[in-house]
Amino acid sequence: MALSFCGNDDAYGVENGTLNNGCFVDALNLVPHVFLLFITFPILFIGWGSQSSKVQIHHNTWLHFPGHNLRWILTFSLLFVHVCEFAEGIVSNKTMGTNHLHLYMPAFMGFVAATTSVVYYHNIETSNFPKLLLVLFIYWVLAFITKSIKLWKYAEFDVGPQHLRFCITGLLVLLYGLLMSVEINVIRVRRYVFFANPQKVKPPEDLQDLGVRFLQPFVNLLSKATYWWMNPLIMGAHKRPIELKKIGKLPIAMRALTNYLRLKDAYEDQRVTPSIWRSMYRAFGRPILLSSTFRYLADLLGFAGPLCISGIVKFLKDTYFGVHFMSSTKLLQNTSVLAVLLFLALILQRTFLQASYYVTIETGINLRGALLAMIYNKMLRLSTSNMSMGEMTLGQINNLVAIETNQLMWFLFLCPNLWAMPVQIVMGVILLYYLLGLSALVGASVIVLLAPIQYLIATKLADTQKSSLEHSTDRLKKTTEILKGIKLLKLYAWENIFCDSVEETRGKELTCLRTFALYTSMSIFMNAAIPIAAVLAVRRFHHTSVAFAALALFHILVTPLFLLSTVVRFAVKALVSLLVISRLQISLYMFSLNVLPRPFDFSPQTKAINRKQPMRYQMDNYEQPTRRPMRPSETEDVAVKVRGQSGGNDRRREDIKNSGNLIDKEITRSQLTMIVGQVGCGKSSLLLAMLGEMQAIDGRVHWSNKNRYSVAYATQKSWLLNATVEDNITFGSPFSKQRYKEVIDACSLQPDIDLLPFGDQTEIGERGINLSGGQRQRICVARALYQNTNIVFLDDPFSALDIHLSDHLMQEGILKFLQDDKRTVVMVTHKLQYLIHADWIIAMKDGSILREGTLKDIQTHDVELYDHWKTLMNRHDQELEKDIQQDSQTTLERKTLRRAFYSREAKSQWLLLSSQVCWCYMSSGGFFMVFLMVSSKLLKHSVIVAIDYWLALWTSSQTNQSLTNATLPTRSLCLSDPQPDSYFLLVFIILCAAGITLCLITSLTVEFLGLSAATNLHHNLLNKIIHAPIRFFDVTPLGQILNRFSADTNIIDQHIPPTLESLTRSTLLCLSAIGVISSITPIFLIALIPLGIAFYFIQKYFRVASKDLQDLDDSTQLPLLCHFSETAEGLTTIRAFRHEARFKQRMLELTDTNNTAYLFLSAANRWLEVRTDYLGAVIVLAAAGASIWSLEYSLRSGMVGLGLTYALTVTNYLNWVVRNLADLEVQMSAVKKVNSFLSTESENYEGSMGKHVPENWPQDGEIKIQDLCVRYDPMLKPVLKHVNAYISPGQKVGICGRTGSGKSSLSLAFFNMVDIFEGGIVIDGIDICKLPLQTLRSRLSIILQDPVLFSGSIRFNLDPERTCTDDRLWEALEIAQLKNMVKALPGGLDAVVTEGGENFSVGQRQLFCLARAFVRKSSILIMDEATASIDMATENILQKVVMTAFADRTVVTIAHLVSSILDAEQVLVFSSGILVESDSAPNLLAQEESLFHVLVRTHK
């Protein structure tokens, strides 16, 4: 048939006037469109030609003209109306005799012009050249005029709203009019034409900052909706990993500071009692409302799917319309139109849904940033005393940061669901009623009745999760203790006892996890079973075309009910979190010190005066003049004055007090003041009181006005930042190379720095975890020295240092560096030999000053005290322990330092999901469980397809019957021929029952497969680690091992099973859907090929980018949490240095960095979901098109319904396939990490002698060392070479030698802890290498240099095997001189020992270790440098006990202090792993050329 614009049937004439010719009016409508295309195409091409691509224009030229979003929305509406006009034209054209192009041609051109207009507008906007908008303005005016003429003519010819074309034309007039007004508004605001001076506009501040890469707020509406701006990042991730640099900074409006100020203003603006709820609503309410609006729109559009399917199935046969002007309802009865509408509804629904998700996530992140800043601000004003008294613990602060703020954020994410769900449920029931009549209420009531069970399951899940978390924490605590004390456990052969204890806790944890798995399965089962049950309930009343629509609606109904329980639970959690945070608001105000006056501070009225009031050291607010005049008694030389000070950690306990007089003290400027006294006499408390950190009960502290801004303060417990060594020392001060070098030398840090992989640029782990105590302390002292302050407070700077380092630090650091600088130094110390250097000494006792003055004054006035000091000082002089080059302790520290860092550096790259890791996981779960899972999953999905297929057959059979008996109404038909119906119903019920049962079985098999894998992996890991040789622990950092037991185990326990379940479910659902559609309409497969290719590329790019962004999110979260705990631990130091502002800034930076990573991750998820949702919509369109096209092949309408219902499910599950796959990849790396530890070799525990060891071995304690050669690892050089020695029973032997001479290696060789590759050690006639390790180690005793205690009771620490009587334990405690102290404790032997024995002093801990060695009654005791880290008094006790209680036992002492073995009956002197001398101490001393003589003489 010939094509002509006006048709060939001469239906039109111009006799009645040109405008009365319909064809001419339509031709007139073409003019504006053609005009726009002619003008804009050259401009666009010239623009693109000059800049090969618009993308190259930097985004700082982006600028939104007024009405930007409205214009995009109107243009999209215009496009939609043009599509409707085109469809109407095509359908109307079919009814005409000849082809009338004018019916649809203008509509098509209008569509092209509208598309061009938006492209053109976007290009003008990005190049900020508004004058070219004039073209669009002319276009809108012309289009408006031509369409108005058309509408006017329709009205004239009585074409009204009952005709579709009239409605469409009316809509177009309205849209063109609105777009014209938008254009006029741009002219009015920007004045780019018709005005003398056009307005100059700058792009937003964020876009001028090249660092801002998160562009969601700035891009155009289309890019916002589809996350198009993310394309370069996600595509680029394939070439190179996404790094922090790449994601840049956050826009100003999203930064933590902006949001904190917004929340703070909202909080302070409230007239009545401020509520944090209200302030949150005021600050962040609007975006949540916006998100909820999007959510409502998405939910309402969601119902369009089932209705369109119902329509398509219903009108499949009715495709002929015979009117020139189609009635408005007729178009909706065209199946092709319904298919397109279904597609558009899906696209819009998904776009709105993703927009809703994005807005809530962004708001949640903003809220979290604000809350973190608020908590941090409060924390900086927390008083130290409340921290130490446990009123506000580190754990609570960490919980606030890691848990409570996240709970609130998650609540915001789910917030829109809270009010969208009821609407969804009500709408669903109304539509069901519309489709099914009253029977819908039966189905709905089934769903509603089962909802409380869902809620019950959800609450049970929450409770189980909580108890599982408690057991997990407990298990981790025990594991940490084992790993920290692994050397002791191995030496005492206690590893199995402790291993069982962990396994017991793990058992409880697994019981919780099993219960959790059961409830999860129940929940999944309910979710699948409810819709089937509902359909069963209403099945008998179904109308033909309605079955699938009803099924789809029931599925829609179940989701909100299922989610409702989750959302309610989160709402409750959020309420609890808010209560915690608002309590923190109040409690921190109560606890905070009056140290940081800020405009919004509430300062409690305490009588503590603080130098912290910037620059003016004021008195109490109610009695001080603005500046205090000098008192006559004062001189300018006084730096700090303490008047009548009495302070405590709270009102109940005074730390600094005196029965007679309160502390009254002046610290003179530029002098070295030393504070000495016994442990616990209030030395540190006096320093803290001067810093204003104690709550002063009475008295005050005055600071001289001459002092600089802050005080350099080194705490007793060293505090380090998780930063580089250089940053820790400079601590925010300007870097001066010379000063820095002097400080490094003074603190002997250079050798340690040389060992670090990146020198002083190496990052120190959290709390300096990779460094030893001495190294940490020297860095802390270096920080205090480096600061340019007048006053330096050093709290026991030598406690973790040995003599050599202490002397060097005293001479070079304190006497030379600080005194030359004329700085005031106040130092607490236990090293009395340095008192001779002090300008002033303060001796304290029981919280008061016992004596003060110069050493001479004290010598004159308190002879008794001076003599006491002298005896202690003499002891110090005899500590001839330092080797010629360096002391052993430091060298040992440096050895471990090297190990700690080099193993940290090897950061493994986890590749994408490998079959090897999957195999490891599956084999841990057990192949039977894997087989069960796979078969039940396949069976379940087959049954689900069978149910739907059967329903389709049933529906189709009814349809066929209704066509043959067209005279009978459909409902009565269902009842008139019950025979086939009851047959269908019976099979349907059987299939449903099978499906519901299989749902339960499959979810249980997946959960229990996961649990079985988790159980086996943890059990194997624990056994491998605990039986690994000691060398493994030397080369593997503790943190790395702990990560396997904490983070990785948690992922294997709780994250992999649900991800695996979700992945298999969504994959099988998608595959079965595509299978069903293809089997019904094979032609669909043609469309599937390009869709499959698109899907492959989308998931390929997304998985790589998602993994990178997830890593970034994890890696930026840790520093933030660390920063909070670091700040809480170092409050005193930060406040002393006055660095609060710097730390706040750092916290804001860390929060923003983490938030950026999280925002990009959520934007990437939205990117994926939008694309997979659109793909899903195309699948639905393709399926609908294929069904309509295949109609002529006598396709049953029931089958079409089945195909389309399945196509709808694909849209829901496609993105979950990719998301779960990406998650599983990340989670499987935990299995890989655990698996890498499972290949660790274990020690040989069996031995060749087996069980034939005498019960009482070793009885005498005779030791023969025969040609002994020892190494730590077959790859390393020997550390002991051909050692021969004989130790007779009961002999006291000392072993000494320079650093690295092999002393400690020998002690380990006694316990077969190192590789004895030649020779051997024979004890009481038995070669120890032949003994089972457990037997050997359980029969010897050792006291190590570092005292190790475990949490539990004193009884457990002395005798974990529970084999000794109480009398034996008390006897051991008496020998160790601890009996009275333990008796005084509540519970006696059952008194609590906290983690690491922190509630006892180091000396007491060492004595407990001595008691532990005595309990064992072994005839051989080895003391490995046991006196290195204890004070004089404890050392005296230890020496005495060894001489008396161990008189009849063989004692081998490895000497840290050469002086401690001068009484030994035999001394073995080692040098470079060779035994060079062996004789009694007096004999060796007598030989002047002997090494022992040299060692003793060198350090006299």
# chains A, B, ... in the order shown; residues from 1 in each chain; ligands from 1

$ select_by_dssp --residues "stretch 1179-1278 of chain A" --states "strand (DSSP E or B)" --output "PyMOL selection string"
chain A and resi 1263-1271

$ closest_atom_pairs --of "stretch 344-365 of chain A" --to "stretch 403-426 of chain A" --cutoff "6 Å" --atoms "only C-alpha atoms" --output "Markdown table"
| residue | atom | partner | partner_atom | distance |
| --- | --- | --- | --- | --- |
| A:Thr360 | CA | A:Phe413 | CA | 5.1 |
| A:Ile361 | CA | A:Phe413 | CA | 5.5 |
| A:Gly364 | CA | A:Met409 | CA | 4.5 |

$ select_by_dssp --residues "stretch 808-853 of chain A" --states "helix (DSSP H, G or I)" --output "list of chain:residue names"
A:His808, A:Leu809, A:Met810, A:Gln811, A:Glu812, A:Gly813, A:Ile814, A:Leu815, A:Lys816, A:Phe817, A:Leu818, A:Gln819, A:Asp820, A:Leu832, A:Gln833, A:Tyr834, A:Leu835, A:Ile836, A:His837

$ write_last_selection --atoms "N, CA, C and O atoms" --output "PDB file, in the first residue's frame"
ATOM      1  N   HIS A 808      71.651   6.322  79.301  1.00  0.00           N
ATOM      2  CA  HIS A 808      71.808   7.143  78.104  1.00  0.00           C
ATOM      3  C   HIS A 808      70.718   8.211  78.046  1.00  0.00           C
ATOM      4  O   HIS A 808      70.984   9.375  77.749  1.00  0.00           O
ATOM      5  N   LEU A 809      69.484   7.787  78.354  1.00  0.00           N
ATOM      6  CA  LEU A 809      68.356   8.730  78.301  1.00  0.00           C
ATOM      7  C   LEU A 809      68.529   9.826  79.354  1.00  0.00           C
ATOM      8  O   LEU A 809      68.298  11.008  79.093  1.00  0.00           O
ATOM      9  N   MET A 810      69.000   9.396  80.542  1.00  0.00           N
ATOM     10  CA  MET A 810      69.169  10.374  81.630  1.00  0.00           C
ATOM     11  C   MET A 810      70.236  11.411  81.243  1.00  0.00           C
ATOM     12  O   MET A 810      70.018  12.618  81.348  1.00  0.00           O
ATOM     13  N   GLN A 811      71.372  10.898  80.773  1.00  0.00           N
ATOM     14  CA  GLN A 811      72.498  11.794  80.466  1.00  0.00           C
ATOM     15  C   GLN A 811      72.191  12.675  79.254  1.00  0.00           C
ATOM     16  O   GLN A 811      72.253  13.902  79.327  1.00  0.00           O
ATOM     17  N   GLU A 812      71.849  12.010  78.143  1.00  0.00           N
ATOM     18  CA  GLU A 812      71.701  12.736  76.877  1.00  0.00           C
ATOM     19  C   GLU A 812      70.368  13.478  76.793  1.00  0.00           C
ATOM     20  O   GLU A 812      70.303  14.601  76.325  1.00  0.00           O
ATOM     21  N   GLY A 813      69.311  12.804  77.216  1.00  0.00           N
ATOM     22  CA  GLY A 813      67.979  13.375  77.036  1.00  0.00           C
ATOM     23  C   GLY A 813      67.626  14.394  78.093  1.00  0.00           C
ATOM     24  O   GLY A 813      67.362  15.559  77.805  1.00  0.00           O
ATOM     25  N   ILE A 814      67.665  13.957  79.359  1.00  0.00           N
ATOM     26  CA  ILE A 814      67.123  14.820  80.411  1.00  0.00           C
ATOM     27  C   ILE A 814      68.157  15.853  80.853  1.00  0.00           C
ATOM     28  O   ILE A 814      67.895  17.055  80.851  1.00  0.00           O
ATOM     29  N   LEU A 815      69.371  15.385  81.187  1.00  0.00           N
ATOM     30  CA  LEU A 815      70.371  16.327  81.720  1.00  0.00           C
ATOM     31  C   LEU A 815      70.885  17.261  80.631  1.00  0.00           C
ATOM     32  O   LEU A 815      71.028  18.457  80.834  1.00  0.00           O
ATOM     33  N   LYS A 816      71.146  16.699  79.451  1.00  0.00           N
ATOM     34  CA  LYS A 816      71.774  17.527  78.427  1.00  0.00           C
ATOM     35  C   LYS A 816      70.709  18.286  77.608  1.00  0.00           C
ATOM     36  O   LYS A 816      70.666  19.504  77.603  1.00  0.00           O
ATOM     37  N   PHE A 817      69.800  17.529  76.981  1.00  0.00           N
ATOM     38  CA  PHE A 817      68.859  18.144  76.043  1.00  0.00           C
ATOM     39  C   PHE A 817      67.872  19.092  76.735  1.00  0.00           C
ATOM     40  O   PHE A 817      67.689  20.230  76.330  1.00  0.00           O
ATOM     41  N   LEU A 818      67.265  18.617  77.820  1.00  0.00           N
ATOM     42  CA  LEU A 818      66.233  19.439  78.465  1.00  0.00           C
ATOM     43  C   LEU A 818      66.847  20.544  79.311  1.00  0.00           C
ATOM     44  O   LEU A 818      66.402  21.688  79.288  1.00  0.00           O
ATOM     45  N   GLN A 819      67.898  20.193  80.079  1.00  0.00           N
ATOM     46  CA  GLN A 819      68.482  21.200  80.975  1.00  0.00           C
ATOM     47  C   GLN A 819      69.192  22.304  80.191  1.00  0.00           C
ATOM     48  O   GLN A 819      69.141  23.461  80.563  1.00  0.00           O
ATOM     49  N   ASP A 820      69.841  21.918  79.067  1.00  0.00           N
ATOM     50  CA  ASP A 820      70.486  22.941  78.245  1.00  0.00           C
ATOM     51  C   ASP A 820      69.455  23.933  77.717  1.00  0.00           C
ATOM     52  O   ASP A 820      69.741  25.095  77.467  1.00  0.00           O
ATOM     53  N   LEU A 832      66.611   5.256  91.860  1.00  0.00           N
ATOM     54  CA  LEU A 832      67.134   6.205  92.852  1.00  0.00           C
ATOM     55  C   LEU A 832      68.553   6.662  92.524  1.00  0.00           C
ATOM     56  O   LEU A 832      69.002   7.686  93.035  1.00  0.00           O
ATOM     57  N   GLN A 833      69.274   5.896  91.672  1.00  0.00           N
ATOM     58  CA  GLN A 833      70.651   6.305  91.398  1.00  0.00           C
ATOM     59  C   GLN A 833      70.724   7.635  90.670  1.00  0.00           C
ATOM     60  O   GLN A 833      71.778   8.238  90.565  1.00  0.00           O
ATOM     61  N   TYR A 834      69.576   8.110  90.130  1.00  0.00           N
ATOM     62  CA  TYR A 834      69.591   9.388  89.408  1.00  0.00           C
ATOM     63  C   TYR A 834      69.293  10.585  90.312  1.00  0.00           C
ATOM     64  O   TYR A 834      69.278  11.713  89.845  1.00  0.00           O
ATOM     65  N   LEU A 835      69.032  10.300  91.600  1.00  0.00           N
ATOM     66  CA  LEU A 835      68.689  11.413  92.502  1.00  0.00           C
ATOM     67  C   LEU A 835      69.808  12.440  92.613  1.00  0.00           C
ATOM     68  O   LEU A 835      69.551  13.613  92.866  1.00  0.00           O
ATOM     69  N   ILE A 836      71.048  11.984  92.384  1.00  0.00           N
ATOM     70  CA  ILE A 836      72.182  12.918  92.511  1.00  0.00           C
ATOM     71  C   ILE A 836      72.089  14.053  91.495  1.00  0.00           C
ATOM     72  O   ILE A 836      72.636  15.123  91.676  1.00  0.00           O
ATOM     73  N   HIS A 837      71.344  13.804  90.388  1.00  0.00           N
ATOM     74  CA  HIS A 837      71.219  14.837  89.354  1.00  0.00           C
ATOM     75  C   HIS A 837      70.090  15.823  89.644  1.00  0.00           C
ATOM     76  O   HIS A 837      69.948  16.818  88.943  1.00  0.00           O
TER      77      HIS A 837
END

$ atom_distance --atom1 "atom CA of A:Gly1319" --atom2 "atom CA of A:Ile1265"
8.0 Å

$ residues_around --residues "stretch 238-253 of chain A" --least-positions-apart "4" --cutoff "7 Å" --atoms "only C-alpha atoms" --output "PyMOL selection string"
chain A and resi 206+211-214+258+1101+1104+1108-1109+1152+1156

$ residues_around --residues "A:Thr363" --least-positions-apart "5" --cutoff "9 Å" --atoms "only C-alpha atoms" --output "PDB file with N, CA, C and O atoms, in the first residue's frame"
ATOM      1  N   MET A 254      27.963  17.114  52.792  1.00  0.00           N
ATOM      2  CA  MET A 254      27.930  15.755  53.354  1.00  0.00           C
ATOM      3  C   MET A 254      29.011  15.528  54.391  1.00  0.00           C
ATOM      4  O   MET A 254      29.125  14.435  54.930  1.00  0.00           O
ATOM      5  N   PHE A 284      17.534  16.179  59.874  1.00  0.00           N
ATOM      6  CA  PHE A 284      17.581  15.218  58.760  1.00  0.00           C
ATOM      7  C   PHE A 284      16.201  14.729  58.322  1.00  0.00           C
ATOM      8  O   PHE A 284      16.102  13.730  57.619  1.00  0.00           O
ATOM      9  N   GLY A 285      15.135  15.421  58.740  1.00  0.00           N
ATOM     10  CA  GLY A 285      13.784  14.949  58.432  1.00  0.00           C
ATOM     11  C   GLY A 285      13.402  15.082  56.971  1.00  0.00           C
ATOM     12  O   GLY A 285      12.762  14.204  56.395  1.00  0.00           O
ATOM     13  N   PRO A 287      15.051  15.029  53.944  1.00  0.00           N
ATOM     14  CA  PRO A 287      15.416  13.980  52.977  1.00  0.00           C
ATOM     15  C   PRO A 287      14.665  12.675  53.222  1.00  0.00           C
ATOM     16  O   PRO A 287      14.339  11.955  52.275  1.00  0.00           O
ATOM     17  N   ILE A 288      14.370  12.364  54.493  1.00  0.00           N
ATOM     18  CA  ILE A 288      13.647  11.114  54.784  1.00  0.00           C
ATOM     19  C   ILE A 288      12.237  11.192  54.193  1.00  0.00           C
ATOM     20  O   ILE A 288      11.724  10.217  53.636  1.00  0.00           O
ATOM     21  N   TYR A 358      18.825   5.410  47.832  1.00  0.00           N
ATOM     22  CA  TYR A 358      20.001   6.284  47.851  1.00  0.00           C
ATOM     23  C   TYR A 358      19.826   7.429  48.845  1.00  0.00           C
ATOM     24  O   TYR A 358      20.726   7.733  49.632  1.00  0.00           O
ATOM     25  N   ARG A 368      25.202   9.650  60.817  1.00  0.00           N
ATOM     26  CA  ARG A 368      26.276   8.956  61.528  1.00  0.00           C
ATOM     27  C   ARG A 368      27.477   9.887  61.717  1.00  0.00           C
ATOM     28  O   ARG A 368      28.065   9.953  62.792  1.00  0.00           O
ATOM     29  N   MET A 409      21.951   4.498  61.918  1.00  0.00           N
ATOM     30  CA  MET A 409      22.103   4.647  60.472  1.00  0.00           C
ATOM     31  C   MET A 409      21.253   3.589  59.758  1.00  0.00           C
ATOM     32  O   MET A 409      20.526   3.902  58.816  1.00  0.00           O
ATOM     33  N   LEU A 412      17.620   4.402  59.790  1.00  0.00           N
ATOM     34  CA  LEU A 412      17.257   5.389  58.765  1.00  0.00           C
ATOM     35  C   LEU A 412      17.127   4.717  57.393  1.00  0.00           C
ATOM     36  O   LEU A 412      16.255   5.063  56.609  1.00  0.00           O
ATOM     37  N   PHE A 413      18.025   3.745  57.130  1.00  0.00           N
ATOM     38  CA  PHE A 413      17.956   3.046  55.840  1.00  0.00           C
ATOM     39  C   PHE A 413      16.584   2.381  55.684  1.00  0.00           C
ATOM     40  O   PHE A 413      16.020   2.334  54.605  1.00  0.00           O
TER      41      PHE A 413
END

$ residues_around --residues "A:Arg1449" --least-positions-apart "2" --cutoff "6 Å" --atoms "only C-alpha atoms" --output "list in words"
Gly1290, Ser1419, Ile1420, Phe1446 and Ala1447 of chain A

$ residues_around --residues "A:Phe137" --least-positions-apart "3" --cutoff "9 Å" --atoms "only C-alpha atoms" --output "PDB file with N, CA, C and O atoms, in the first residue's frame"
ATOM      1  N   LEU A 133      20.044  29.038  24.756  1.00  0.00           N
ATOM      2  CA  LEU A 133      18.743  28.519  25.199  1.00  0.00           C
ATOM      3  C   LEU A 133      17.587  29.211  24.466  1.00  0.00           C
ATOM      4  O   LEU A 133      16.454  28.748  24.509  1.00  0.00           O
ATOM      5  N   LEU A 134      17.894  30.325  23.831  1.00  0.00           N
ATOM      6  CA  LEU A 134      16.866  31.085  23.115  1.00  0.00           C
ATOM      7  C   LEU A 134      16.167  30.198  22.071  1.00  0.00           C
ATOM      8  O   LEU A 134      14.953  30.300  21.844  1.00  0.00           O
ATOM      9  N   TRP A 140       9.534  25.988  22.219  1.00  0.00           N
ATOM     10  CA  TRP A 140       8.394  25.744  23.126  1.00  0.00           C
ATOM     11  C   TRP A 140       7.207  26.638  22.734  1.00  0.00           C
ATOM     12  O   TRP A 140       6.061  26.205  22.727  1.00  0.00           O
ATOM     13  N   VAL A 141       7.500  27.911  22.367  1.00  0.00           N
ATOM     14  CA  VAL A 141       6.415  28.842  22.009  1.00  0.00           C
ATOM     15  C   VAL A 141       5.679  28.333  20.763  1.00  0.00           C
ATOM     16  O   VAL A 141       4.448  28.226  20.731  1.00  0.00           O
ATOM     17  N   LEU A 142       6.468  27.961  19.707  1.00  0.00           N
ATOM     18  CA  LEU A 142       5.853  27.480  18.454  1.00  0.00           C
ATOM     19  C   LEU A 142       5.032  26.206  18.690  1.00  0.00           C
ATOM     20  O   LEU A 142       3.904  26.081  18.206  1.00  0.00           O
ATOM     21  N   LEU A 179       6.865  24.038  29.996  1.00  0.00           N
ATOM     22  CA  LEU A 179       8.264  24.150  29.572  1.00  0.00           C
ATOM     23  C   LEU A 179       8.582  25.577  29.125  1.00  0.00           C
ATOM     24  O   LEU A 179       9.692  26.077  29.358  1.00  0.00           O
ATOM     25  N   MET A 180       7.583  26.227  28.500  1.00  0.00           N
ATOM     26  CA  MET A 180       7.760  27.617  28.082  1.00  0.00           C
ATOM     27  C   MET A 180       7.964  28.500  29.320  1.00  0.00           C
ATOM     28  O   MET A 180       8.860  29.363  29.351  1.00  0.00           O
ATOM     29  N   GLU A 183      11.399  28.139  30.726  1.00  0.00           N
ATOM     30  CA  GLU A 183      12.370  28.877  29.916  1.00  0.00           C
ATOM     31  C   GLU A 183      12.332  30.374  30.250  1.00  0.00           C
ATOM     32  O   GLU A 183      13.362  31.034  30.351  1.00  0.00           O
ATOM     33  N   ILE A 184      11.104  30.914  30.412  1.00  0.00           N
ATOM     34  CA  ILE A 184      10.947  32.341  30.770  1.00  0.00           C
ATOM     35  C   ILE A 184      11.612  32.610  32.119  1.00  0.00           C
ATOM     36  O   ILE A 184      12.289  33.623  32.310  1.00  0.00           O
TER      37      ILE A 184
END

$ residues_around --residues "A:Ser1338" --least-positions-apart "6" --cutoff "10 Å" --atoms "only C-alpha atoms" --output "list in words"
Lys490, Leu491, Tyr492, Ala493, Trp494, Phe1311, Arg1416 and Ser1418 of chain A

$ write_last_selection --atoms "N, CA, C and O atoms" --output "compact mmCIF listing (two decimals), in the first residue's frame"
# COMPACT_ATOMS: atom_id res chain seq x y z
N LYS A 490 53.08 -23.75 76.36
CA LYS A 490 53.84 -24.86 75.78
C LYS A 490 54.87 -25.39 76.78
O LYS A 490 55.06 -26.59 76.91
N LEU A 491 55.53 -24.44 77.48
CA LEU A 491 56.57 -24.85 78.42
C LEU A 491 55.98 -25.66 79.59
O LEU A 491 56.63 -26.52 80.16
N TYR A 492 54.74 -25.34 79.96
CA TYR A 492 54.10 -26.06 81.07
C TYR A 492 53.20 -27.19 80.59
O TYR A 492 52.54 -27.83 81.38
N ALA A 493 53.14 -27.40 79.23
CA ALA A 493 52.29 -28.43 78.62
C ALA A 493 50.83 -28.26 79.02
O ALA A 493 50.14 -29.20 79.37
N TRP A 494 50.37 -27.03 79.00
CA TRP A 494 48.97 -26.76 79.37
C TRP A 494 48.11 -26.44 78.15
O TRP A 494 46.96 -26.07 78.30
N PHE A 1311 63.30 -27.90 76.84
CA PHE A 1311 61.89 -28.26 76.68
C PHE A 1311 61.59 -28.75 75.27
O PHE A 1311 60.44 -28.89 74.90
N ARG A 1416 54.55 -27.22 91.07
CA ARG A 1416 54.83 -28.35 90.18
C ARG A 1416 55.79 -29.36 90.81
O ARG A 1416 55.93 -30.45 90.29
N SER A 1418 58.84 -30.02 90.62
CA SER A 1418 59.74 -30.69 89.68
C SER A 1418 61.16 -30.61 90.23
O SER A 1418 61.52 -29.65 90.92

$ closest_residue --among "A:Asn69, A:Thr126, A:Asn722, A:Ser1401" --to "A:Ala225" --atoms "only C-alpha atoms"
A:Asn69

$ closest_residue --among "A:Phe570, A:Phe988, A:Trp1257, A:Phe798" --to "A:Val945" --atoms "only C-alpha atoms"
A:Phe988

$ atom_distance --atom1 "atom CA of A:Thr1132" --atom2 "atom CA of A:Leu1349"
28.3 Å

$ atom_distance --atom1 "atom CA of A:Leu1000" --atom2 "atom CA of A:Ser521"
6.2 Å
